[in-house]
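Notes to accompany the following structure.
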Amino acid sequence: MDSQNKTNNQPKTNNQNQQTKQSDKEVNQNKPRVKHWFRHDLDKKQLWIWGICTIGIALLTGGLAALLGGDMDHFEAHTLPPLTPPTIVFPIVWGILYVLIGVSAFIVFVSKTQTKQTLKWDMIWFGINLALNAIWPLLFYRLDLLIVSTILCGLIFITAIITCFRFYYRNTVGGLLYTPYVLWLLFAFYLNLGITLLNV
């Protein structure tokens, strides 16, 4: 009798196990899948490396620009256009913007919409803009080359617009974080042009 009861209970146990597995599958299927915004070929370590490198490069560019620019004696000696902010505002704003630039680049560079070709050109335009940006303070603050610095400021603004459009196309959040930098460059170009016209 005991052996018969055991054999009778086995099918029930098997059926229960099958039902449990099937219910678990249904629960897993109903769970919302996590959608990653970054490239699937990157692990956490690689994401950290990308983040440290992009943000670090942006901050190093800001430090180099400040080093090349020196003090702001020439700036304060000029006749300044309307809406010129106090000199203390510039390092604060630029410090914030360089962080935003780095975060924006990180988000865009690791975005899942990237390909090898688009990543290459996004990095090229980003690098060109940062390189020009680092040179500008040398021309404007230290060498007092107003006309040349105005032309360079215009080129920086143009390359920033191109970079911003490319960033928006890859990742909207990355493009939004880059936008304040573009707007500030427009204001910087106004100041640079105004100082040039008033002092040359």
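In the structure tokens, each chain is lettered A, B, ... as it comes, each chain's residues begin at 1, and ligands are numbered from 1 in order of appearance.
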*Show which residues sit within 9 Å of Tyr181 of chain A, as number ranges by chain. Count only C-alpha atoms, and ignore same-chain residues fewer than 5 positions away.*
A: 94, 97-98, 100-101, 160, 186
With only C-alpha atoms as the counted atoms, please give the residues lying no more than 12 Å from Gly154 of chain A, apart from itself and same-chain residues fewer than 6 positions off, as a short mmCIF file (atom, residue, chain, number, x, y, z; two decimals) with C-alpha atoms, in the first residue's frame.
data_model
loop_
_atom_site.label_atom_id
_atom_site.label_comp_id
_atom_site.auth_asym_id
_atom_site.auth_seq_id
_atom_site.Cartn_x
_atom_site.Cartn_y
_atom_site.Cartn_z
CA ASN A 129 35.99 72.75 -29.24
CA LEU A 132 40.04 76.16 -29.03
CA ASN A 133 38.48 76.98 -25.69
CA TRP A 136 41.14 81.69 -26.06
CA ILE A 147 40.34 91.07 -32.70
CA VAL A 148 41.97 87.65 -32.88
CA ALA A 160 29.99 74.16 -29.86
CA ILE A 161 26.75 74.41 -31.88
CA VAL A 182 26.51 77.01 -25.86
CA LEU A 185 29.47 81.07 -25.34
CA LEU A 186 26.94 83.24 -27.15
CA PHE A 187 27.07 85.69 -24.24
CA ALA A 188 30.87 85.46 -24.17
CA PHE A 189 30.99 86.28 -27.87
CA TYR A 190 28.82 89.35 -27.24
CA LEU A 191 31.19 90.51 -24.50
CA ASN A 192 34.29 89.80 -26.58
CA LEU A 193 32.90 91.61 -29.62
#
*Tell me which protein, DNA and RNA residues are within 12 Å of Pro91 of chain A, counting only C-alpha atoms, leaving out same-chain ones fewer than 4 positions away, and put them as a list in words.*
Gly62, Gly63, Ala65, Ala66, Gly69, Gly70, Asp71, Met72, Pro85, Pro86, Thr87, Gly95, Ile96, Leu97, Tyr98 and Pro137 of chain A
_helix (DSSP H, G or I) residues, from DSSP on the backbone, in chain A, as a count of residues only_ = 161
*May I ask which of the residues A:Ile195, A:Ile162, A:Val200, A:Thr54 is the closest one to Pro81 of chain A, counting only C-alpha atoms?*
A:Ile195
